[in-house]
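S.K.: After the structure tokens below, expect a handful of questions from me.
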Amino acid sequence: RLGLKERIKAVLTPEQSLPAPGQGALGIEVSTDRADAAAWIAPLADAETTHCVRAERAFSRALGGSCQVPLGGYAIIENGELWLRGLVGSLDGQTMLRAEARAPRLDARMLGEQVADMLLAQGADKILAQAGIDVRA
């Protein structure tokens with residue numbers, strides 16, 4: 001869009017580097033008493049993106065996600081199903097725990113929590129504790 005395509009040297013795939021949960025998704029807040037404003041922006045909503053971001057945010061929330069937490073999460077719709085991949089990395093980058101799962105689109109929040117639980121079962125809580133996050137509290 002900016003006309004700078006020739007400056008791109010590499011494109012990182014999710015297999016190479018999972019982005020932060022919600023990375024690149026645009027959110028617009030509207031006051032609950034402004035139904036007119038909500039109606040104006042309604043055509044901007046994309047259902048697939050909403051499901052994906054809902055799963056990614058549930059994943060991040062379950063792991064105490066913030067800018068200081070070394071985690072990545074990326075969801076897509078594939079063959080009509082929601083697919084979420086997640087990771088937690090140690091602060092020194094030496095350890096990377098990965099998990100992924102699939103679920104129906106309407107189960108986005110449950111999927112995010114499921115992938116977080118899978119990582120916790122692998123020891124993600126110990127890695128997150130190094131970043132000052134206590135997910136068991």
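We name chains A, B, ... following the order of the structure tokens; residues begin at 1 in each chain, and ligands are numbered from 1 as shown.
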Leaving out A:Arg85 and any residue of its chain fewer than 6 positions from it, which residues lie within 9 Å of it when counting only C-alpha atoms, given as a compact mmCIF listing (two decimals) with N, CA and C atoms, in the first residue's frame?
M.R.:
# COMPACT_ATOMS: atom_id res chain seq x y z
N PRO A 14 4.42 -17.86 9.50
CA PRO A 14 4.15 -18.25 10.89
C PRO A 14 5.02 -19.44 11.33
N LEU A 18 6.07 -16.91 14.91
CA LEU A 18 4.68 -16.59 15.24
C LEU A 18 4.59 -15.16 15.73
N GLU A 56 -6.86 -15.85 19.73
CA GLU A 56 -5.53 -15.37 20.10
C GLU A 56 -5.55 -14.61 21.43
N GLY A 72 3.84 -16.03 21.49
CA GLY A 72 3.29 -15.77 20.17
C GLY A 72 2.05 -16.60 19.97
N GLY A 73 1.12 -16.09 19.21
CA GLY A 73 -0.10 -16.82 18.93
C GLY A 73 -0.68 -16.39 17.59
N TYR A 74 -1.08 -17.36 16.80
CA TYR A 74 -1.56 -17.05 15.46
C TYR A 74 -2.67 -18.01 15.08
N ALA A 75 -3.83 -17.46 14.76
CA ALA A 75 -4.97 -18.28 14.37
C ALA A 75 -5.38 -17.96 12.94
N ILE A 76 -5.81 -18.98 12.24
CA ILE A 76 -6.36 -18.81 10.89
C ILE A 76 -7.58 -19.73 10.76
N ARG A 98 5.87 -25.16 22.07
CA ARG A 98 4.88 -24.94 21.03
C ARG A 98 3.69 -25.87 21.22
N ALA A 99 2.52 -25.37 20.84
CA ALA A 99 1.31 -26.19 20.87
C ALA A 99 0.35 -25.65 19.82
N GLU A 100 -0.54 -26.50 19.37
CA GLU A 100 -1.55 -26.08 18.41
C GLU A 100 -2.76 -26.97 18.54
N ALA A 101 -3.90 -26.42 18.14
CA ALA A 101 -5.15 -27.18 18.18
C ALA A 101 -6.12 -26.56 17.19
N ARG A 102 -7.17 -27.29 16.91
CA ARG A 102 -8.22 -26.84 15.99
C ARG A 102 -9.57 -26.99 16.67
N VAL A 115 -5.08 -24.23 24.03
CA VAL A 115 -3.68 -24.16 23.60
C VAL A 115 -2.81 -23.63 24.75
S.K.: For the strand (DSSP E) assignment from backbone DSSP, which residues of stretch 66-131 of chain A qualify? Please present them as a PyMOL selection string.
M.R.: chain A and resi 71-78+81-89+96-103
S.K.: Residues as selected, C-alpha atoms, written as a CSV table (one decimal), in the first residue's frame, can you do that?
M.R.:
chain,number,residue,atom,x,y,z
A,71,LEU,CA,4.7,-15.5,23.7
A,72,GLY,CA,3.3,-15.8,20.2
A,73,GLY,CA,-0.1,-16.8,18.9
A,74,TYR,CA,-1.6,-17.0,15.5
A,75,ALA,CA,-5.0,-18.3,14.4
A,76,ILE,CA,-6.4,-18.8,10.9
A,77,ILE,CA,-9.5,-20.3,9.4
A,78,GLU,CA,-8.5,-23.4,7.4
A,81,GLU,CA,-12.1,-24.7,11.1
A,82,LEU,CA,-10.2,-22.4,13.5
A,83,TRP,CA,-6.5,-23.4,13.8
A,84,LEU,CA,-4.5,-21.8,16.6
A,85,ARG,CA,-0.7,-22.1,17.0
A,86,GLY,CA,0.9,-20.8,20.1
A,87,LEU,CA,4.4,-20.6,21.7
A,88,VAL,CA,6.0,-19.5,24.9
A,89,GLY,CA,9.8,-18.8,24.8
A,96,MET,CA,10.6,-22.6,22.9
A,97,LEU,CA,7.4,-24.5,23.8
A,98,ARG,CA,4.9,-24.9,21.0
A,99,ALA,CA,1.3,-26.2,20.9
A,100,GLU,CA,-1.5,-26.1,18.4
A,101,ALA,CA,-5.2,-27.2,18.2
A,102,ARG,CA,-8.2,-26.8,16.0
A,103,ALA,CA,-11.9,-26.2,16.8
S.K.: For A:Asn79, which of A:Ala129, A:Arg105, A:Leu63, A:Gln122 is the closest residue, counting only C-alpha atoms?
M.R.: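 Using only C-alpha atoms, the shortest distance to A:Asn79 belongs to A:Arg105.
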S.K.: Taking 4 positions as the minimum chain separation for residues in the same chain, which residues sit within 7 Å of A:His51 when counting only C-alpha atoms? Answer as a tab-separated table (two decimals) with all heavy atoms, in the first residue's frame.
M.R.:
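And here is the file that came out, out.tsv:
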chain	number	residue	atom	x	y	z
A	47	ALA	N	-15.82	-11.27	9.98
A	47	ALA	CA	-16.15	-12.37	10.89
A	47	ALA	C	-14.96	-13.31	11.12
A	47	ALA	O	-14.70	-13.72	12.25
A	47	ALA	CB	-17.35	-13.14	10.37
A	55	ALA	N	-9.68	-16.05	19.56
A	55	ALA	CA	-8.87	-17.20	20.02
A	55	ALA	C	-7.49	-16.74	20.49
A	55	ALA	O	-7.01	-17.16	21.55
A	55	ALA	CB	-8.73	-18.22	18.89
A	105	ARG	N	-15.20	-22.56	14.63
A	105	ARG	CA	-15.04	-21.10	14.77
A	105	ARG	C	-15.70	-20.54	16.02
A	105	ARG	O	-15.16	-19.66	16.67
A	105	ARG	CB	-15.64	-20.38	13.56
A	105	ARG	CG	-14.96	-20.68	12.29
A	105	ARG	CD	-15.70	-19.98	11.18
A	105	ARG	NE	-15.36	-20.60	9.92
A	105	ARG	CZ	-15.47	-20.01	8.77
A	105	ARG	NH1	-15.93	-18.79	8.69
A	105	ARG	NH2	-15.13	-20.63	7.67
A	108	ALA	N	-13.88	-20.23	19.70
A	108	ALA	CA	-12.60	-19.51	19.67
A	108	ALA	C	-12.00	-19.33	21.06
A	108	ALA	O	-10.81	-19.59	21.26
A	108	ALA	CB	-12.78	-18.16	18.98
S.K.: Pick out the closest residue to A:Leu26 from this set: A:Gly123, A:Gly93, A:Thr50, A:Gln68. Count only C-alpha atoms.
M.R.: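 Closest to A:Leu26, using only C-alpha atoms: A:Thr50.
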